[in-house]
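K.L.:
What follows is the file final.cif, containing mmCIF, C-alpha atoms:
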```
data_final
loop_
_atom_site.label_atom_id
_atom_site.label_comp_id
_atom_site.auth_asym_id
_atom_site.auth_seq_id
_atom_site.Cartn_x
_atom_site.Cartn_y
_atom_site.Cartn_z
CA LEU A 111 0.00 0.00 0.00
CA GLN A 112 2.91 2.36 0.56
CA TRP A 113 3.58 2.32 -3.18
CA PHE A 114 0.26 4.13 -3.72
CA HIS A 115 1.60 7.16 -1.88
CA GLN A 116 4.85 7.55 -3.83
CA PRO A 117 5.02 10.80 -5.84
CA THR A 118 5.91 8.88 -9.00
CA VAL A 119 2.45 7.34 -9.14
CA GLY A 120 0.74 10.68 -9.56
CA ALA A 121 -2.82 9.41 -9.30
CA ARG A 122 -5.08 11.96 -7.64
CA SER A 123 -6.56 9.31 -5.38
CA ILE A 124 -7.16 5.60 -5.12
CA LEU A 125 -10.57 4.68 -3.78
CA HIS A 126 -10.99 1.27 -2.15
CA VAL A 127 -14.60 0.18 -1.91
CA SER A 128 -15.66 -2.68 0.33
CA VAL A 129 -18.63 -4.80 -0.72
CA GLY A 130 -19.59 -4.91 2.93
CA SER A 131 -20.35 -1.19 2.83
CA PHE A 132 -23.68 -1.78 1.12
CA ALA A 133 -26.67 -3.17 2.89
CA PRO A 134 -30.30 -2.80 1.78
CA ARG A 135 -32.33 -0.63 4.10
CA SER A 136 -36.07 -0.23 4.32
CA ASN A 137 -37.53 3.12 3.46
CA PRO A 138 -40.40 4.14 5.73
CA LYS A 139 -41.79 6.34 2.95
CA THR A 140 -42.27 3.34 0.67
CA THR A 141 -43.74 0.91 3.19
CA ASN A 142 -46.36 -1.33 1.58
CA SER A 143 -48.11 -4.64 1.99
CA CYS A 144 -44.83 -6.47 1.37
CA GLU A 145 -44.16 -6.01 5.05
CA SER A 146 -47.09 -8.22 5.89
CA THR A 147 -46.47 -11.41 7.81
CA GLY A 148 -47.27 -13.55 4.78
CA CYS A 149 -44.82 -11.78 2.48
CA ALA A 150 -42.12 -11.74 5.14
CA SER A 151 -42.62 -15.46 5.68
CA LEU A 152 -42.34 -16.09 1.93
CA MET A 153 -39.13 -14.07 1.70
CA SER A 154 -37.73 -15.86 4.74
CA SER A 155 -38.49 -19.19 3.10
CA LYS A 156 -36.81 -18.08 -0.14
CA ILE A 157 -33.68 -16.89 1.68
CA SER A 158 -33.56 -20.13 3.68
CA HIS A 159 -33.75 -22.11 0.44
CA LEU A 160 -30.96 -20.05 -1.15
CA PHE A 161 -28.84 -20.37 1.98
CA ASN A 162 -29.13 -24.15 1.72
CA GLN A 163 -28.00 -23.87 -1.90
CA ALA A 164 -24.96 -21.90 -0.76
CA MET A 165 -24.12 -24.58 1.78
CA SER A 166 -24.49 -27.20 -0.95
CA VAL A 167 -21.97 -25.31 -3.08
CA GLN A 168 -19.61 -25.30 -0.13
CA ARG A 169 -19.92 -29.06 0.35
CA VAL A 170 -19.45 -29.86 -3.34
CA HIS A 171 -16.41 -27.65 -3.92
CA GLY A 172 -14.91 -27.89 -0.47
CA THR A 173 -14.48 -24.14 -0.20
CA LYS A 174 -15.18 -22.14 2.92
CA LEU A 175 -17.99 -19.65 2.48
CA THR A 176 -17.49 -16.49 4.48
CA ALA A 177 -20.36 -14.25 5.53
CA THR A 178 -19.49 -11.89 2.67
CA LYS A 179 -19.64 -14.70 0.11
CA ILE A 180 -23.02 -15.86 1.41
CA TYR A 181 -24.23 -12.24 1.36
CA ARG A 182 -23.15 -11.94 -2.27
CA PHE A 183 -24.77 -15.25 -3.19
CA LEU A 184 -28.12 -14.42 -1.62
CA GLY A 185 -28.13 -10.85 -2.93
CA GLY A 186 -27.26 -11.97 -6.44
CA LYS A 187 -30.05 -14.54 -6.47
CA ILE A 188 -32.70 -12.18 -5.10
CA ILE A 189 -31.76 -8.85 -6.73
CA GLY A 190 -29.51 -9.82 -9.66
CA ASP A 191 -25.86 -9.86 -10.72
CA SER A 192 -25.44 -6.13 -10.02
CA PHE A 193 -26.14 -6.60 -6.29
CA TYR A 194 -22.58 -6.92 -5.00
CA GLN A 195 -21.34 -4.40 -7.61
CA LYS A 196 -23.65 -1.67 -6.34
CA PRO A 197 -21.14 0.09 -4.05
CA ILE A 198 -18.63 0.22 -6.93
CA ILE A 199 -21.26 1.51 -9.36
CA ASP A 200 -22.43 4.15 -6.88
CA CYS A 201 -18.86 5.30 -6.31
CA ILE A 202 -18.19 5.61 -10.05
CA LYS A 203 -21.45 7.50 -10.61
CA ARG A 204 -20.48 9.92 -7.86
CA TYR A 205 -17.20 10.86 -9.55
CA ALA A 206 -18.31 10.51 -13.19
CA PRO A 207 -19.10 14.22 -13.76
CA ARG A 208 -15.44 15.11 -13.10
CA HIS A 209 -14.03 12.69 -15.70
CA ARG A 210 -14.24 12.22 -19.47
CA THR A 211 -13.04 8.62 -19.91
CA PHE A 212 -13.95 5.48 -17.98
CA ILE A 213 -11.54 2.54 -18.18
CA ASP A 214 -12.89 -0.75 -16.83
CA ILE A 215 -9.95 -3.12 -16.25
CA GLY A 216 -11.41 -6.54 -15.56
CA ALA A 217 -14.79 -5.71 -17.06
CA ASN A 218 -16.03 -9.32 -16.96
CA ILE A 219 -19.53 -9.54 -18.50
CA GLY A 220 -20.03 -5.78 -18.28
CA THR A 221 -22.24 -5.29 -15.23
CA ILE A 222 -20.37 -2.13 -14.23
CA THR A 223 -19.52 -1.01 -17.77
CA THR A 224 -23.13 -0.99 -18.96
CA ALA A 225 -24.29 0.77 -15.79
CA VAL A 226 -21.91 3.74 -16.03
CA ALA A 227 -20.61 4.03 -19.63
CA PRO A 228 -23.37 6.49 -20.70
CA LEU A 229 -22.08 8.93 -18.04
CA PHE A 230 -18.75 9.39 -19.87
CA GLU A 231 -17.58 10.63 -23.26
CA TYR A 232 -15.43 7.55 -23.80
CA CYS A 233 -15.31 4.09 -22.27
CA LEU A 234 -12.83 1.22 -22.55
CA ALA A 235 -13.97 -2.19 -21.29
CA ILE A 236 -10.99 -4.53 -20.97
CA GLU A 237 -11.47 -8.28 -20.48
CA PRO A 238 -8.85 -10.98 -21.26
CA ASN A 239 -11.00 -14.12 -21.25
CA PRO A 240 -12.23 -14.67 -24.86
CA ARG A 241 -15.46 -16.37 -23.79
CA ILE A 242 -16.36 -13.69 -21.27
CA ALA A 243 -15.25 -10.93 -23.66
CA SER A 244 -17.80 -12.27 -26.14
CA HIS A 245 -20.56 -11.89 -23.53
CA LEU A 246 -19.22 -8.42 -22.75
CA ARG A 247 -19.57 -7.32 -26.39
CA LYS A 248 -23.12 -8.68 -26.54
CA SER A 249 -23.99 -6.87 -23.31
CA VAL A 250 -22.63 -3.56 -24.58
CA ASP A 251 -24.51 -3.98 -27.88
CA SER A 252 -27.76 -4.98 -26.17
CA HIS A 253 -27.62 -1.78 -24.08
CA ASN A 254 -27.06 0.31 -27.24
CA ILE A 255 -23.88 1.81 -25.81
CA THR A 256 -22.02 3.52 -28.64
CA ASN A 257 -19.15 5.17 -26.74
CA CYS A 258 -17.62 1.94 -25.43
CA GLN A 259 -14.76 -0.01 -26.99
CA VAL A 260 -14.27 -3.60 -25.84
CA ILE A 261 -10.61 -4.65 -25.73
CA GLU A 262 -9.79 -8.34 -25.37
CA CYS A 263 -6.52 -8.50 -23.47
CA ALA A 264 -5.05 -8.61 -19.98
CA ILE A 265 -3.34 -5.59 -18.39
CA GLY A 266 0.08 -6.03 -16.79
CA ASP A 267 3.44 -4.38 -16.27
CA ARG A 268 4.78 -5.38 -19.70
CA ALA A 269 3.41 -6.32 -23.14
CA GLY A 270 3.45 -9.91 -24.38
CA THR A 271 1.48 -13.03 -23.49
CA ALA A 272 0.68 -14.77 -20.22
CA VAL A 273 -1.44 -17.56 -18.77
CA LEU A 274 -4.85 -16.46 -17.53
CA TYR A 275 -6.05 -18.67 -14.68
CA CYS A 276 -9.74 -19.36 -14.16
CA SER A 277 -11.60 -20.59 -11.10
CA LYS A 278 -12.45 -24.26 -10.64
CA ASP A 279 -15.83 -23.62 -9.06
CA GLY A 280 -17.39 -22.05 -12.16
CA SER A 281 -17.43 -18.48 -10.83
CA LYS A 282 -16.54 -15.68 -13.22
CA TRP A 283 -13.19 -14.53 -11.83
CA ASN A 284 -9.97 -14.75 -13.84
CA SER A 285 -6.47 -13.62 -12.97
CA LEU A 286 -2.88 -13.64 -14.19
CA THR A 287 -2.03 -14.42 -10.56
CA ARG A 288 -2.61 -18.08 -9.76
CA HIS A 289 -4.85 -18.76 -6.75
CA ARG A 290 -5.34 -21.87 -4.66
CA ASN A 291 -8.62 -22.81 -6.32
CA SER A 292 -7.56 -21.91 -9.86
CA GLU A 293 -7.14 -24.40 -12.67
CA MET A 294 -4.82 -24.34 -15.66
CA GLY A 295 -5.78 -21.40 -17.80
CA ILE A 296 -5.38 -20.10 -21.31
CA GLU A 297 -2.74 -17.98 -23.01
CA VAL A 298 -3.86 -14.39 -23.57
CA ARG A 299 -2.39 -11.18 -24.88
CA VAL A 300 -1.04 -8.77 -22.29
CA ALA A 301 -0.73 -5.01 -22.75
CA THR A 302 0.14 -2.18 -20.39
CA LEU A 303 -2.30 0.50 -19.37
CA ASP A 304 -0.01 3.13 -20.88
CA GLU A 305 -0.02 1.25 -24.19
CA ILE A 306 -3.83 0.97 -24.30
CA VAL A 307 -4.34 4.66 -23.51
CA LYS A 308 -1.84 5.67 -26.20
CA GLN A 309 -3.37 3.38 -28.85
CA THR A 310 -6.99 4.37 -28.20
CA LYS A 311 -6.20 8.09 -27.82
CA VAL A 312 -8.77 8.52 -25.06
CA VAL A 313 -8.70 11.80 -23.18
CA GLU A 314 -8.22 12.67 -19.54
CA PRO A 315 -9.39 13.02 -16.83
CA PHE A 316 -9.59 9.23 -16.49
CA LEU A 317 -11.65 7.25 -14.01
CA ILE A 318 -10.16 3.76 -13.86
CA LYS A 319 -11.79 0.76 -12.21
CA VAL A 320 -9.41 -2.10 -11.44
CA ASP A 321 -10.63 -5.57 -10.45
CA VAL A 322 -8.04 -8.16 -11.45
CA GLU A 323 -8.08 -10.56 -8.51
CA GLY A 324 -4.68 -9.90 -6.99
CA HIS A 325 -2.81 -8.60 -10.05
CA GLU A 326 -3.44 -4.92 -9.29
CA TRP A 327 0.19 -4.09 -8.52
CA PHE A 328 1.26 -5.04 -12.06
CA VAL A 329 -1.61 -3.10 -13.62
CA LEU A 330 -0.56 0.06 -11.79
CA LYS A 331 3.12 -0.56 -12.50
CA GLY A 332 2.41 -0.68 -16.24
CA GLY A 333 0.42 2.54 -16.12
CA ARG A 334 2.86 5.00 -14.57
CA HIS A 335 2.54 7.59 -17.35
CA THR A 336 -1.27 7.35 -17.33
CA LEU A 337 -1.41 7.61 -13.55
CA ALA A 338 0.82 10.68 -13.67
CA ARG A 339 -1.96 12.44 -15.59
CA ALA A 340 -5.36 13.50 -14.24
CA CYS A 341 -7.00 10.31 -13.10
CA ARG A 342 -8.79 8.59 -10.25
CA ILE A 343 -8.70 4.86 -9.48
CA VAL A 344 -11.53 2.79 -8.02
CA THR A 345 -10.71 -0.72 -6.83
CA GLU A 346 -12.56 -3.39 -4.87
#
```
Rewrite the structure from the file as structure tokens, please.

P.N.:
Amino acid sequence: LQWFHQPTVGARSILHVSVGSFAPRSNPKTTNSCESTGCASLMSSKISHLFNQAMSVQRVHGTKLTATKIYRFLGGKIIGDSFYQKPIIDCIKRYAPRHRTFIDIGANIGTITTAVAPLFEYCLAIEPNPRIASHLRKSVDSHNITNCQVIECAIGDRAGTAVLYCSKDGSKWNSLTRHRNSEMGIEVRVATLDEIVKQTKVVEPFLIKVDVEGHEWFVLKGGRHTLARACRIVTE
């Protein structure tokens, strides 16, 4: 973390958002019949069923489910895929008016990209996994987003190729850093953030979201010139 504060980085600020910072709260102004005993019982039954599903996943894959993981699982099932991304999306929306270009490093299927891209002049959605990048393109097209360019590559501290590791349990995370529950991955193209910014000719100020499952240091290291310009970084 000390590296973030070195003058050579130059980024205006790095915002770390915790998924635990978001919790749904009831609004007394919108109270309706859903608060009835019957509805509450139905919701309780649904959550109980989903919780049992989460425990089943834990038994099958032998992975320990923390409270945060269970929270994400239940929220995703009840509200949708954007549930655990909400604090990130809210943070980006808050700072969007001060920036012209949004760069989504680790865009995945585009949950964040499609939610915030219309708030910027330019948008780069970067995803290294070919299969997921295909879903990302379809998502951008289905939302009629015309200012977003999808780039299929990984971001690191040097250009070339590298092995992208994927999770064994079928979740959507990928990383150039191998994790305990990762399986053998695929070879992908790697570019630096500085290279991508130069090639696409996007304009500052930049708002950059980084979610690369442990490879963040290398992303920042390969973007020194970009970070020295007007930019803000959001990371989970």

K.L.:
Could you check how far CA of Cys341 (chain A) sits from CA of Ile318 (chain A), in Å to one decimal?

P.N.:
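According to the coordinates, CA of Cys341 (chain A) and CA of Ile318 (chain A) are separated by 7.3 Å.
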
K.L.:
Which of these residues is nearest to Ser249 (chain A), using only C-alpha atoms: A:Gly270, A:Pro228, A:Gly332, A:Gly220?

P.N.:
A:Gly220

K.L.:
Using only C-alpha atoms, which protein or nucleic acid residues come within 8 Å of Ile202 (chain A)? Drop anything in the same chain fewer than 6 positions from it, and give the result as a PyMOL selection string.

P.N.:
chain A and resi 226+317+344

K.L.:
Measuring atom to atom with only C-alpha atoms, identify which of A:Ile219, A:Ile242, A:Cys276, A:Leu234 is nearest to Asn257 (chain A).

P.N.:
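Of A:Ile219, A:Ile242, A:Cys276, A:Leu234, the one nearest Asn257 (chain A) is A:Leu234, counting only C-alpha atoms.
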
K.L.:
Any idea what the distance is between CA of Thr211 (chain A) and CA of Lys319 (chain A)?

P.N.:
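CA of Lys319 (chain A) lies at a distance of 11.1 Å from CA of Thr211 (chain A).
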
K.L.:
Residues at most 6 Å from region 299-309 of chain A, counting all atoms listed in the file, excluding those fewer than 6 positions away in the same chain, as a list in words?

P.N.:
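In the requested form, the answer reads Cys263, Ala264, Ile265, Gly266, Asp267, Arg268, Ala269, Gly270, Thr271, Gly332, Gly333 and Thr336 of chain A.
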
K.L.:
Those selected residues, please, written with C-alpha atoms and delivered as a short mmCIF file (atom, residue, chain, number, x, y, z; two decimals), in the frame of the given file.

P.N.:
```cif
data_model
loop_
_atom_site.label_atom_id
_atom_site.label_comp_id
_atom_site.auth_asym_id
_atom_site.auth_seq_id
_atom_site.Cartn_x
_atom_site.Cartn_y
_atom_site.Cartn_z
CA CYS A 263 -6.52 -8.50 -23.47
CA ALA A 264 -5.05 -8.61 -19.98
CA ILE A 265 -3.34 -5.59 -18.39
CA GLY A 266 0.08 -6.03 -16.79
CA ASP A 267 3.44 -4.38 -16.27
CA ARG A 268 4.78 -5.38 -19.70
CA ALA A 269 3.41 -6.32 -23.14
CA GLY A 270 3.45 -9.91 -24.38
CA THR A 271 1.48 -13.03 -23.49
CA GLY A 332 2.41 -0.68 -16.24
CA GLY A 333 0.42 2.54 -16.12
CA THR A 336 -1.27 7.35 -17.33
#
```

K.L.:
Name all residues at most 10 Å from Cys258 (chain A) (count only C-alpha atoms; drop same-chain ones fewer than 3 positions away) and give them as a PDB file with C-alpha atoms, keeping the file's coordinate frame.

P.N.:
```
ATOM      1  CA  THR A 211     -13.040   8.620 -19.910  1.00  0.00           C
ATOM      2  CA  PHE A 212     -13.950   5.480 -17.980  1.00  0.00           C
ATOM      3  CA  ILE A 213     -11.540   2.540 -18.180  1.00  0.00           C
ATOM      4  CA  THR A 223     -19.520  -1.010 -17.770  1.00  0.00           C
ATOM      5  CA  THR A 224     -23.130  -0.990 -18.960  1.00  0.00           C
ATOM      6  CA  ALA A 227     -20.610   4.030 -19.630  1.00  0.00           C
ATOM      7  CA  PRO A 228     -23.370   6.490 -20.700  1.00  0.00           C
ATOM      8  CA  PHE A 230     -18.750   9.390 -19.870  1.00  0.00           C
ATOM      9  CA  GLU A 231     -17.580  10.630 -23.260  1.00  0.00           C
ATOM     10  CA  TYR A 232     -15.430   7.550 -23.800  1.00  0.00           C
ATOM     11  CA  CYS A 233     -15.310   4.090 -22.270  1.00  0.00           C
ATOM     12  CA  LEU A 234     -12.830   1.220 -22.550  1.00  0.00           C
ATOM     13  CA  ALA A 235     -13.970  -2.190 -21.290  1.00  0.00           C
ATOM     14  CA  ARG A 247     -19.570  -7.320 -26.390  1.00  0.00           C
ATOM     15  CA  VAL A 250     -22.630  -3.560 -24.580  1.00  0.00           C
ATOM     16  CA  ASP A 251     -24.510  -3.980 -27.880  1.00  0.00           C
ATOM     17  CA  ASN A 254     -27.060   0.310 -27.240  1.00  0.00           C
ATOM     18  CA  ILE A 255     -23.880   1.810 -25.810  1.00  0.00           C
ATOM     19  CA  ILE A 261     -10.610  -4.650 -25.730  1.00  0.00           C
TER      20      ILE A 261
END
```

K.L.:
Using only C-alpha atoms, find all polymer residues with an atom at most 9 Å away from the point (-11.9, -4.0, -14.2); report them as a list in words.

P.N.:
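The residues that fall inside the cut-off are Ile213, Asp214, Ile215, Gly216, Ala217, Asn218, Ile222, Thr223, Ala235, Ile236, Glu237, Ile318, Lys319, Val320, Asp321, Val322 and Thr345 of chain A.
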
K.L.:
Pick from A:Asn239, A:Pro207, A:Ile198, A:Leu286: nearest to Trp327 (chain A), with all atoms listed in the file counted?

P.N.:
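For Trp327 (chain A), the nearest of the candidates is A:Leu286.
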
K.L.:
I need the residue nearest Ala340 (chain A) from this list: A:Arg210, A:Gly324, A:Lys311, A:Thr221. Use all atoms listed in the file for the distance.

P.N.:
A:Arg210

K.L.:
Give me, please, the distance in Å between CA of Phe316 (chain A) and CA of Ile343 (chain A), quoted to one decimal.

P.N.:
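These atoms are spaced 8.3 Å apart.
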
K.L.:
List the spatial neighbours of Pro240 (chain A) as a list of chain:residue names - criterion: any atom at most 10 Å away, only C-alpha atoms, same-chain residues fewer than 6 positions off excluded.

P.N.:
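Everything that qualifies: A:Leu246, A:Glu262, A:Cys263, A:Ile296, A:Val298.
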
K.L.:
Around all the atoms of region 253-269 of chain A listed in the file, draw an axis-aligned box and extend it by 3 Å on each of the six sides; I want its centre and edge lengths in Å to one decimal, as lines of an AutoDock Vina configuration file.

P.N.:
```
center_x = -11.4
center_y = -1.7
center_z = -22.5
size_x = 38.4
size_y = 19.8
size_z = 18.4
```
